[in-house]
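Q: Submitted below is the structure of interest, expressed as structure tokens.
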Amino acid sequence: MAQVEFRGLGKTFADGTPALQELDVTVADGELLVIVGPSGCGKSTILRLLAGFESASRGDILIDGRSVLAQPPQERDIAMVFQNYALYPHMSVRDNLAFPLRMAKRPRAVIDKQVHAVAEVLDLKELLRKKPSELSGGQSQRVAMGRALVREPKVFLLDEPLSNLDPRLRGQVRAEIAALQRRLNSTMIYVTHDQVEAMTLGHRVAVLNKGELQQIGAPQTLYDQPCNRFVAGFLGSPPMNLCEAQLYRHRGDVAVRLGDDSLAPPARLRQALQRYRGNTVLLGMRPEALTLGSGEGGNTISVTCLAEERLGHERLLHAAAPSTTVDCNGVPQSPGILSIRLPSGPAMPAGTTVSLRVDVERLYCFTPIGKAIGRLADEPPNGFETDS
Ligand code: ATP
């Protein structure tokens with residue numbers, strides 16, 4: 001168990017690729033931090049720098065207050081589990097688990113004790129005699145984790161460890177990892193591009209894009225109070241709808257024009273929006289902030305259905321967006337589609353016009369360059385904040 005500090009950490013590869021901008025994050029002792037972001041955003045680079053497989057271009061990494069940059073990987077006391085975990089095929093599960101300890105020349109009795117303890121924690125006792133070829137994907141993954149755990153490392157790094165598993169198994173192993181982390185109270189950094197994993201697993205989530213930390217905080221805080229368009233559009237499935245909208249003066253106040261319809265912004269945003277009156281902004285609406293409902297009281301929009309995905313307990317309606325929509329990077333989508341999460345109900349054929357009530361309390365606004373307007377609270381950059 002240990003505290004990990006990244007201080008102004010940066011990495012530019014020899015070919016000039018700027019993989020990581022200055023990263024300043026402290027991972028608390030016993031914390032499970034998830035780093036999430038699209039492919040190539042620098043997630044693995046952070047882990048590789050921490051493990052000592054890459055050298056930093058700038059900044060420092062401290063474990064329990066001491067810089068580790070001068071230490072070779074084997075002295076950093078860090079264990080890493082990769083996406084392509086390779087178990088030794090000719091060795092039994094028991095020997096695979098024991099291997100790191102044998103390499104470290106630990107006494108036989110210690111090895112047996114540690115292997116037994118890890119097998120207990122990861123529910124591998126029945127499998128100790130088996131060879132990797134006789135294991136399921138989830139079991140192999142547990143052995144790979146066991147092999148990392150058996151050394152009782154100070155810090156545990158997981159790099160997309162579930163990518164090779166089918167979705168059902170992913171959910172199961174994800175829950176096991178969360179339970180394991182709680183039980184061992186180990187410091188873990190978990191890298192994924194899957195925002196569902198990030199939302200469900202982390203005490204805190206760090207969202208990374210193009211080598212730059214966008215926001216860090218408790219998962220629900222990031223979902224409810226994204227600091228920019230990228231975080232808003234990256235977390236959530238389907239993602240937040242981001243539509244161009246105009247702010248205009250209305251009875252001495254400010255209102256939002258979305259296509260042919262008008263919306264009254266929530267009280268929490270009004271003051272901040274005054275400054276942008278007369279401008280085009282990005283309006284953010286989560287799919288669950290739209291419900292079927294008609295006219296009275298305003299705050300409704302009219303859209304044309306394009307397609308419906310029926311999921312049993314709910315359905316996702318895809319409708320023609322009333323204005324230009326963009327993705328989390330600000331790239332306009334063609335055609336612009338509005339996603340709406342609805343309870344299951346009678347089919348809505350393509351071409352049907354429906355009226356949607358907008359829960360304006362859950363509206364978000366972003367400047368044209370994607371910064372959140374009137375965000376409730378700025379996240380502390382560090383600190384071990386959780387939802388509970
Ligand atoms: P993925 O989810 O696809 O694994 P990632 O977020 O983990 O991606 P990194 O592997 O950290 O991304 O890579 C960050 C950037 O650095 C990418 O643009 C990648 O192409 C580049 N990169 C990684 N390793 C090297 C290297 N050895 N030399 C040059 N560029 C590299």
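Lettering and numbering for the structure tokens are positional, with chains as A, B, ... in the shown order, residues counted from 1 in each chain, and ligands counted from 1 in the shown order.
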Can you tell me, as a list in words, what residues are no more than 8 Å from segment 59-69 of chain A when counting only C-alpha atoms, ignoring any on the same chain fewer than 2 positions away?

A: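 Here the answer would be Ala2, Gln3, Val4, Glu5, Phe6, Arg7, Gly8, Leu9, Gly10, Glu22, Leu50, Gly52, Ser55, Ala56, Ser57, Gln71, Pro72 and Arg76 of chain A.
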
Q: Which residues of chain A come within 7 Å of ligand 1, and what is each one's closest atom pair and distance in Å (one decimal), counting only C-alpha atoms and all ligand atoms, sorted by chain and residue number, as a Markdown table?

A:
| residue | atom | partner | partner_atom_place_in_ligand_line | distance |
| --- | --- | --- | --- | --- |
| A:Phe13 | CA | ligand 1 | 29 (C) | 4.9 |
| A:Ala14 | CA | ligand 1 | 28 (N) | 6.6 |
| A:Asp15 | CA | ligand 1 | 29 (C) | 5.8 |
| A:Thr17 | CA | ligand 1 | 30 (N) | 5.3 |
| A:Pro18 | CA | ligand 1 | 16 (O) | 6.7 |
| A:Ala19 | CA | ligand 1 | 16 (O) | 4.2 |
| A:Gly37 | CA | ligand 1 | 6 (O) | 6.4 |
| A:Pro38 | CA | ligand 1 | 2 (O) | 6.0 |
| A:Ser39 | CA | ligand 1 | 3 (O) | 3.6 |
| A:Gly40 | CA | ligand 1 | 12 (O) | 3.4 |
| A:Cys41 | CA | ligand 1 | 6 (O) | 3.9 |
| A:Gly42 | CA | ligand 1 | 11 (O) | 3.2 |
| A:Lys43 | CA | ligand 1 | 6 (O) | 3.9 |
| A:Ser44 | CA | ligand 1 | 7 (O) | 3.6 |
| A:Thr45 | CA | ligand 1 | 11 (O) | 3.7 |
| A:Ile46 | CA | ligand 1 | 11 (O) | 6.7 |
| A:Thr192 | CA | ligand 1 | 2 (O) | 6.8 |
| A:His193 | CA | ligand 1 | 2 (O) | 5.8 |
| A:Gly211 | CA | ligand 1 | 14 (C) | 7.0 |

Q: Please determine, counting only C-alpha atoms, which residue among A:Arg102, A:Glu160, A:Gly138, A:Ile189 has the shortest atom-to-atom distance to Ala28 of chain A.

A: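 Residue with the minimum atom-to-atom distance to Ala28 of chain A: A:Ile189.
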
Q: With a distance cut-off of 7 Å and only C-alpha atoms, select the neighbouring residues of segment 337-354 of chain A, excluding the residue or stretch itself and same-chain residues fewer than 6 positions from it, and output the selection as a PDB file with C-alpha atoms, in the first residue's frame.

A:
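File produced: result_24.pdb:
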ATOM      1  CA  PRO A 238     -25.389   6.807 -25.126  1.00  0.00           C
ATOM      2  CA  ASN A 241     -26.489  15.044 -26.821  1.00  0.00           C
ATOM      3  CA  PRO A 287     -30.604  10.980 -23.144  1.00  0.00           C
ATOM      4  CA  GLU A 288     -32.492  10.544 -19.865  1.00  0.00           C
ATOM      5  CA  LEU A 290     -35.727  13.959 -22.441  1.00  0.00           C
ATOM      6  CA  THR A 291     -39.138  12.340 -21.960  1.00  0.00           C
ATOM      7  CA  SER A 302     -40.535  18.550 -31.509  1.00  0.00           C
ATOM      8  CA  VAL A 303     -38.446  15.918 -33.301  1.00  0.00           C
ATOM      9  CA  THR A 304     -38.817  13.312 -36.036  1.00  0.00           C
ATOM     10  CA  CYS A 305     -38.070   9.667 -35.160  1.00  0.00           C
ATOM     11  CA  LEU A 306     -35.368   7.958 -37.179  1.00  0.00           C
ATOM     12  CA  ALA A 307     -34.973   4.609 -35.441  1.00  0.00           C
ATOM     13  CA  GLY A 312     -36.536  -4.911 -23.201  1.00  0.00           C
ATOM     14  CA  HIS A 313     -36.806  -2.793 -20.067  1.00  0.00           C
ATOM     15  CA  GLU A 314     -36.200   0.418 -22.017  1.00  0.00           C
ATOM     16  CA  ARG A 315     -35.670   1.710 -25.512  1.00  0.00           C
ATOM     17  CA  LEU A 316     -33.377   4.168 -27.147  1.00  0.00           C
ATOM     18  CA  LEU A 317     -35.034   6.484 -29.568  1.00  0.00           C
ATOM     19  CA  HIS A 318     -32.881   8.123 -32.202  1.00  0.00           C
ATOM     20  CA  ALA A 319     -34.421  11.241 -33.668  1.00  0.00           C
ATOM     21  CA  ALA A 320     -33.329  13.912 -36.137  1.00  0.00           C
ATOM     22  CA  ALA A 321     -31.649  16.601 -34.058  1.00  0.00           C
TER      23      ALA A 321
END

Q: List every residue of segment 113-357 of chain A that DSSP, applied to the backbone, labels as alpha helix (DSSP H), and write the result as a PyMOL selection string.

A: chain A and resi 113-121+137-149+167-184+195-201+219-224+229-234+267-274

Q: Just checking: using only C-alpha atoms, which residue out of A:Ala245, A:Ala104, A:Met240, A:Val196 ends up closest to Pro219 of chain A?

A: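 For Pro219 of chain A, the nearest of the given residues is A:Val196.
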
Q: Write out as an NGL selection string each polymer residue whose atoms come within 8 Å of Val326 of chain A, counting only C-alpha atoms; drop sequence neighbours fewer than 3 positions from it.

A: :A and (242-243 or 329-333 or 336)

Q: Put those residues in a file: N, CA, C and O atoms, as a PDB file, in the first residue's frame.

A:
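Dumped to result.pdb:
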ATOM      1  N   LEU A 242     -25.135  16.836 -27.728  1.00  0.00           N
ATOM      2  CA  LEU A 242     -24.539  18.175 -27.743  1.00  0.00           C
ATOM      3  C   LEU A 242     -25.026  18.893 -29.000  1.00  0.00           C
ATOM      4  O   LEU A 242     -24.636  18.539 -30.123  1.00  0.00           O
ATOM      5  N   CYS A 243     -25.921  19.868 -28.821  1.00  0.00           N
ATOM      6  CA  CYS A 243     -26.564  20.537 -29.961  1.00  0.00           C
ATOM      7  C   CYS A 243     -26.245  22.022 -29.942  1.00  0.00           C
ATOM      8  O   CYS A 243     -26.255  22.651 -28.876  1.00  0.00           O
ATOM      9  N   ASN A 329     -15.400  15.698 -29.266  1.00  0.00           N
ATOM     10  CA  ASN A 329     -14.264  16.488 -29.758  1.00  0.00           C
ATOM     11  C   ASN A 329     -14.708  17.743 -30.495  1.00  0.00           C
ATOM     12  O   ASN A 329     -13.873  18.468 -31.048  1.00  0.00           O
ATOM     13  N   GLY A 330     -16.019  17.959 -30.589  1.00  0.00           N
ATOM     14  CA  GLY A 330     -16.528  19.143 -31.270  1.00  0.00           C
ATOM     15  C   GLY A 330     -16.691  18.944 -32.763  1.00  0.00           C
ATOM     16  O   GLY A 330     -16.975  19.898 -33.492  1.00  0.00           O
ATOM     17  N   VAL A 331     -16.561  17.702 -33.236  1.00  0.00           N
ATOM     18  CA  VAL A 331     -16.702  17.439 -34.676  1.00  0.00           C
ATOM     19  C   VAL A 331     -18.191  17.299 -35.005  1.00  0.00           C
ATOM     20  O   VAL A 331     -18.893  16.484 -34.383  1.00  0.00           O
ATOM     21  N   PRO A 332     -18.689  18.091 -35.973  1.00  0.00           N
ATOM     22  CA  PRO A 332     -20.114  17.996 -36.325  1.00  0.00           C
ATOM     23  C   PRO A 332     -20.463  16.604 -36.835  1.00  0.00           C
ATOM     24  O   PRO A 332     -19.680  15.965 -37.535  1.00  0.00           O
ATOM     25  N   GLN A 333     -21.649  16.131 -36.429  1.00  0.00           N
ATOM     26  CA  GLN A 333     -22.088  14.806 -36.853  1.00  0.00           C
ATOM     27  C   GLN A 333     -23.044  14.942 -38.022  1.00  0.00           C
ATOM     28  O   GLN A 333     -23.837  15.879 -38.070  1.00  0.00           O
ATOM     29  N   GLY A 336     -27.169  14.778 -37.835  1.00  0.00           N
ATOM     30  CA  GLY A 336     -27.237  15.040 -36.404  1.00  0.00           C
ATOM     31  C   GLY A 336     -28.348  14.209 -35.770  1.00  0.00           C
ATOM     32  O   GLY A 336     -29.494  14.232 -36.241  1.00  0.00           O
TER      33      GLY A 336
END
